[in-house]
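Following: one structure in structure tokens, then a few remarks.
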Amino acid sequence: MYADLKKGFKIKSDPVILAIESSCDETAAAVVKGGREILSSEIMSSCSEHIRFGGVVPEIASRAHTAAVSEVVKRAINSANIKLSDVDAVAVTYGAGLLGALLVGLSYAKALAFSLGVPIIPVSHIRGHLAASYLVDKALKPPFISLLASGGHTAVIEVEEDGEFHILGGTKDDAVGEAFDKVARTIGLNYPGGPNIEKLALEGKNVITLPKMLKGENGYNFSYSGLKTAVVNFVHNAEQRGESFSKADVAKSFQCSAIDILVEKALKACREYGRNTLTVGGGVAANGYLRERLTTECKKERIKLVLPPKILCTDNAAMIGAEGYIQYIKGNFADLTLNAKARVDLG
């Protein structure tokens, strides 16, 4: 019975897709038309509830999603100036993320799609981040190079002509966003760590010697555990010796070491694979220093940079709608047995 729900849907060329995202602490809904046009994008965040705990508490996040999901969908429909009956498909994040949080959005999406008689499109949160570029550049077509920089993933990817991913390299341990959060806690900054390190780094200097991954080292792979540990050791050793140090300098030095290698390896991939377009996705793509470096270096090398605005780099549902469209055209629908996954293979 459930399997039949994947069949019999007519594929439209310009579908109206309602997208739902609930993988972490943002409850989001958006309406995207034709995979490229954002009709609405609404976000209700529980971030403020997690600050006192120093990070996202899964149970609190799940409860917040339960309270917000119906309202955020209502807002998205109203802001798009459409009716639920105008929706051609429901796209939803099924992974990766916090299981309890994912299940809230997924359960709501399945019930809504079933009641409307429209297909359910399962979307990878990770691929959603990369699909945000299609919302910025409506003429964007593969092949190109993509840089993924988020809290859970770091990778350099060749997007091939058929849209499939060829992963050139990724992190072997911590993701860049995870490293930002851990370093932030080490120097006493509140959650979320990334934005707070960026803000503090504006007051500091890049004067602390930290491990640097040399250009071309380990191909396109990354390793942030050594960099993170070096910062932790620097801070702890200084504290044990009773020596003062500038937290702003730590933030600045760490940020430069963490970001510079992303820029170097992304541009190296463009040169090596002969691609003149670079797209960027993930929460760390909202970092001002990364955006500045990418803009400057791509201009020097005459590489077209597709860099979504910050609101489309952090968690949102519009990006889920963009990736949902790609899967919709392929007819990649799910049935009501679709379940949430904490981890999803990028490829």
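As shown in the structure tokens, the chain order sets the letters A, B, ...; within each chain, residues go from 1, and ligands are also counted from 1 in the order they appear.
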
I'd like a table as a Markdown table: residues in segment 210-325 of chain A with an atom no more than 9 Å from segment 165-171 of chain A, each row giving the shortest atom pair and its distance in Å to one decimal, only C-alpha atoms counted, sorted by chain and rising residue number.
| residue | atom | partner | partner_atom | distance |
| --- | --- | --- | --- | --- |
| A:Asn218 | CA | A:Gly169 | CA | 8.8 |
| A:Gly219 | CA | A:Gly169 | CA | 7.1 |
| A:Tyr220 | CA | A:Gly169 | CA | 4.3 |
| A:Asn221 | CA | A:Gly169 | CA | 4.4 |
| A:Phe222 | CA | A:Thr171 | CA | 4.3 |
| A:Ser223 | CA | A:Thr171 | CA | 5.5 |
| A:Tyr224 | CA | A:Thr171 | CA | 7.5 |
| A:Ala269 | CA | A:Leu168 | CA | 8.2 |

Residues within 6 Å of Leu148 of chain A, only C-alpha atoms, excluding chain neighbours under 5 positions, as a short mmCIF file (atom, residue, chain, number, x, y, z; two decimals) with N, CA and C atoms, in the first residue's frame:
data_model
loop_
_atom_site.label_atom_id
_atom_site.label_comp_id
_atom_site.auth_asym_id
_atom_site.auth_seq_id
_atom_site.Cartn_x
_atom_site.Cartn_y
_atom_site.Cartn_z
N THR A 154 32.80 18.86 5.73
CA THR A 154 33.73 19.70 5.00
C THR A 154 34.21 18.90 3.81
N ALA A 155 34.03 19.41 2.61
CA ALA A 155 34.41 18.64 1.42
C ALA A 155 34.59 19.55 0.21
N GLY A 281 28.58 26.22 -0.08
CA GLY A 281 27.40 25.97 0.73
C GLY A 281 27.78 25.53 2.13
N GLY A 282 26.83 25.69 3.07
CA GLY A 282 27.06 25.29 4.45
C GLY A 282 27.11 26.49 5.37
#

Shortest interatomic distance to Gly95 of chain A - which of A:Leu200, A:Ile38, A:Val32, A:Cys24, counting only C-alpha atoms: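 Smallest separation from Gly95 of chain A among the options: A:Cys24.
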
Assign secondary structure with DSSP using the backbone only, and return the residues of segment 271-329 of chain A in alpha helix (DSSP H) as an mmCIF file with N, CA and C atoms, in the first residue's frame.
data_model
loop_
_atom_site.group_PDB
_atom_site.id
_atom_site.type_symbol
_atom_site.label_atom_id
_atom_site.label_comp_id
_atom_site.auth_asym_id
_atom_site.auth_seq_id
_atom_site.Cartn_x
_atom_site.Cartn_y
_atom_site.Cartn_z
ATOM 1 N N ARG A 271 41.319 24.763 -10.748
ATOM 2 C CA ARG A 271 42.419 24.746 -11.712
ATOM 3 C C ARG A 271 42.673 23.345 -12.242
ATOM 4 N N GLU A 272 42.749 22.384 -11.340
ATOM 5 C CA GLU A 272 43.108 21.021 -11.734
ATOM 6 C C GLU A 272 42.053 20.376 -12.623
ATOM 7 N N GLY A 288 32.389 35.813 7.437
ATOM 8 C CA GLY A 288 32.806 36.979 6.668
ATOM 9 C C GLY A 288 34.211 36.866 6.111
ATOM 10 N N TYR A 289 35.120 36.292 6.884
ATOM 11 C CA TYR A 289 36.507 36.157 6.413
ATOM 12 C C TYR A 289 36.574 35.197 5.226
ATOM 13 N N LEU A 290 35.834 34.086 5.285
ATOM 14 C CA LEU A 290 35.800 33.144 4.166
ATOM 15 C C LEU A 290 35.218 33.809 2.929
ATOM 16 N N ARG A 291 34.152 34.553 3.096
ATOM 17 C CA ARG A 291 33.503 35.213 1.967
ATOM 18 C C ARG A 291 34.443 36.239 1.329
ATOM 19 N N GLU A 292 35.172 36.963 2.154
ATOM 20 C CA GLU A 292 36.116 37.971 1.656
ATOM 21 C C GLU A 292 37.260 37.313 0.888
ATOM 22 N N ARG A 293 37.827 36.244 1.460
ATOM 23 C CA ARG A 293 38.944 35.548 0.806
ATOM 24 C C ARG A 293 38.514 34.936 -0.518
ATOM 25 N N LEU A 294 37.355 34.278 -0.521
ATOM 26 C CA LEU A 294 36.873 33.653 -1.754
ATOM 27 C C LEU A 294 36.620 34.692 -2.846
ATOM 28 N N THR A 295 36.000 35.789 -2.473
ATOM 29 C CA THR A 295 35.695 36.848 -3.441
ATOM 30 C C THR A 295 36.970 37.402 -4.054
ATOM 31 N N THR A 296 37.957 37.664 -3.202
ATOM 32 C CA THR A 296 39.225 38.231 -3.674
ATOM 33 C C THR A 296 39.981 37.256 -4.569
ATOM 34 N N GLU A 297 40.111 36.004 -4.119
ATOM 35 C CA GLU A 297 40.913 35.031 -4.855
ATOM 36 C C GLU A 297 40.240 34.591 -6.151
ATOM 37 N N CYS A 298 38.923 34.445 -6.127
ATOM 38 C CA CYS A 298 38.228 34.065 -7.363
ATOM 39 C C CYS A 298 38.323 35.168 -8.417
ATOM 40 N N LYS A 299 38.293 36.408 -7.955
ATOM 41 C CA LYS A 299 38.431 37.528 -8.880
ATOM 42 C C LYS A 299 39.811 37.517 -9.526
ATOM 43 N N LYS A 300 40.845 37.220 -8.729
ATOM 44 C CA LYS A 300 42.211 37.162 -9.241
ATOM 45 C C LYS A 300 42.355 36.089 -10.310
ATOM 46 N N LYS A 310 24.027 35.098 3.321
ATOM 47 C CA LYS A 310 24.209 34.388 4.588
ATOM 48 C C LYS A 310 22.958 33.638 5.034
ATOM 49 N N ILE A 311 21.776 34.194 4.793
ATOM 50 C CA ILE A 311 20.537 33.564 5.230
ATOM 51 C C ILE A 311 20.298 32.231 4.533
ATOM 52 N N LEU A 312 20.904 32.064 3.330
ATOM 53 C CA LEU A 312 20.773 30.795 2.607
ATOM 54 C C LEU A 312 21.947 29.849 2.874
ATOM 55 N N CYS A 313 22.926 30.314 3.654
ATOM 56 C CA CYS A 313 24.037 29.449 4.050
ATOM 57 C C CYS A 313 23.705 28.709 5.344
ATOM 58 N N ALA A 318 14.430 26.881 2.093
ATOM 59 C CA ALA A 318 14.488 27.201 0.665
ATOM 60 C C ALA A 318 15.497 26.299 -0.030
ATOM 61 N N MET A 319 16.620 26.051 0.618
ATOM 62 C CA MET A 319 17.635 25.174 0.022
ATOM 63 C C MET A 319 17.107 23.746 -0.102
ATOM 64 N N ILE A 320 16.248 23.351 0.818
ATOM 65 C CA ILE A 320 15.641 22.014 0.753
ATOM 66 C C ILE A 320 14.678 21.953 -0.440
ATOM 67 N N GLY A 321 14.012 23.068 -0.705
ATOM 68 C CA GLY A 321 13.131 23.137 -1.871
ATOM 69 C C GLY A 321 13.910 23.081 -3.171
ATOM 70 N N ALA A 322 15.106 23.697 -3.186
ATOM 71 C CA ALA A 322 15.941 23.688 -4.389
ATOM 72 C C ALA A 322 16.435 22.280 -4.695
ATOM 73 N N GLU A 323 16.921 21.587 -3.672
ATOM 74 C CA GLU A 323 17.357 20.206 -3.870
ATOM 75 C C GLU A 323 16.153 19.298 -4.114
ATOM 76 N N GLY A 324 15.033 19.635 -3.468
ATOM 77 C CA GLY A 324 13.815 18.863 -3.675
ATOM 78 C C GLY A 324 13.386 18.867 -5.136
ATOM 79 N N TYR A 325 13.572 20.005 -5.794
ATOM 80 C CA TYR A 325 13.227 20.103 -7.218
ATOM 81 C C TYR A 325 14.090 19.163 -8.054
ATOM 82 N N ILE A 326 15.392 19.110 -7.741
ATOM 83 C CA ILE A 326 16.299 18.232 -8.480
ATOM 84 C C ILE A 326 15.841 16.779 -8.359
ATOM 85 N N GLN A 327 15.444 16.389 -7.153
ATOM 86 C CA GLN A 327 14.976 15.015 -6.941
ATOM 87 C C GLN A 327 13.581 14.802 -7.531
ATOM 88 N N TYR A 328 12.773 15.851 -7.546
ATOM 89 C CA TYR A 328 11.418 15.774 -8.125
ATOM 90 C C TYR A 328 11.486 15.462 -9.612
ATOM 91 N N ILE A 329 12.354 16.173 -10.331
ATOM 92 C CA ILE A 329 12.497 15.964 -11.775
ATOM 93 C C ILE A 329 12.948 14.534 -12.070
#

Within 8 Å of segment 183-199 of chain A, counting only C-alpha atoms, which residues show up once you throw out same-chain ones fewer than 6 positions away? Write them as a ChimeraX atom specification, please. /A:50-52,54-55,177,228,231-232,235,247,251-252,255,284,287-289

Quick one: everything within 9 Å of Asp14 of chain A, counting only C-alpha atoms, minus sequence neighbours fewer than 3 positions away in the same chain. Send it as a list in words.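 Contacts, in chain order: Ile11, Lys33, Gly34 and Gly35 of chain A.
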
Would you put the residues from that selection into a file with N, CA and C atoms, as a PDB file, in the first residue's frame?
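Result went into part_11.pdb, see below:
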ATOM      1  N   ILE A  11       4.955  14.375 -13.491  1.00  0.00           N
ATOM      2  CA  ILE A  11       6.038  15.326 -13.249  1.00  0.00           C
ATOM      3  C   ILE A  11       5.751  16.624 -14.003  1.00  0.00           C
ATOM      4  N   LYS A  33       9.375  27.630  -6.322  1.00  0.00           N
ATOM      5  CA  LYS A  33       8.750  27.321  -7.611  1.00  0.00           C
ATOM      6  C   LYS A  33       9.821  27.022  -8.646  1.00  0.00           C
ATOM      7  N   GLY A  34       9.672  25.907  -9.323  1.00  0.00           N
ATOM      8  CA  GLY A  34      10.595  25.554 -10.388  1.00  0.00           C
ATOM      9  C   GLY A  34      12.032  25.360  -9.953  1.00  0.00           C
ATOM     10  N   GLY A  35      12.243  25.146  -8.672  1.00  0.00           N
ATOM     11  CA  GLY A  35      13.579  24.884  -8.164  1.00  0.00           C
ATOM     12  C   GLY A  35      14.478  26.084  -8.050  1.00  0.00           C
TER      13      GLY A  35
END

Identify which of the residues A:Ala317, A:Cys256, A:Leu336, A:Val87 lies closest to His125 of chain A, counting only C-alpha atoms when measuring atom-to-atom distances.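 Among the listed residues, the smallest separation from His125 of chain A belongs to A:Ala317.
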
Find the distance between atom CA of Val72 of chain A and atom CA of Ser85 of chain A and write it in Å to one decimal.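 Interatomic distance, atom CA of Val72 of chain A to atom CA of Ser85 of chain A: 17.2 Å.
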
Tell me, as a PDB file with N, CA and C atoms, in the first residue's frame, which residues lie within 7 Å of Leu99 of chain A, counting only C-alpha atoms; anything in the same chain fewer than 3 positions away does not count.
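The file below, out_25.pdb, is the result:
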ATOM      1  N   LEU A 102      14.597  15.672  13.369  1.00  0.00           N
ATOM      2  CA  LEU A 102      14.233  15.272  12.014  1.00  0.00           C
ATOM      3  C   LEU A 102      12.850  14.632  11.965  1.00  0.00           C
ATOM      4  N   LEU A 103      12.557  13.802  12.951  1.00  0.00           N
ATOM      5  CA  LEU A 103      11.292  13.065  12.949  1.00  0.00           C
ATOM      6  C   LEU A 103      10.078  13.989  13.038  1.00  0.00           C
ATOM      7  N   ALA A 340      13.829   8.835   9.368  1.00  0.00           N
ATOM      8  CA  ALA A 340      14.910   9.799   9.556  1.00  0.00           C
ATOM      9  C   ALA A 340      16.239   9.075   9.746  1.00  0.00           C
ATOM     10  N   LYS A 341      17.317   9.722   9.341  1.00  0.00           N
ATOM     11  CA  LYS A 341      18.662   9.173   9.504  1.00  0.00           C
ATOM     12  C   LYS A 341      19.573  10.237  10.080  1.00  0.00           C
ATOM     13  N   ALA A 342      20.298   9.870  11.128  1.00  0.00           N
ATOM     14  CA  ALA A 342      21.227  10.811  11.747  1.00  0.00           C
ATOM     15  C   ALA A 342      22.387  11.120  10.824  1.00  0.00           C
TER      16      ALA A 342
END
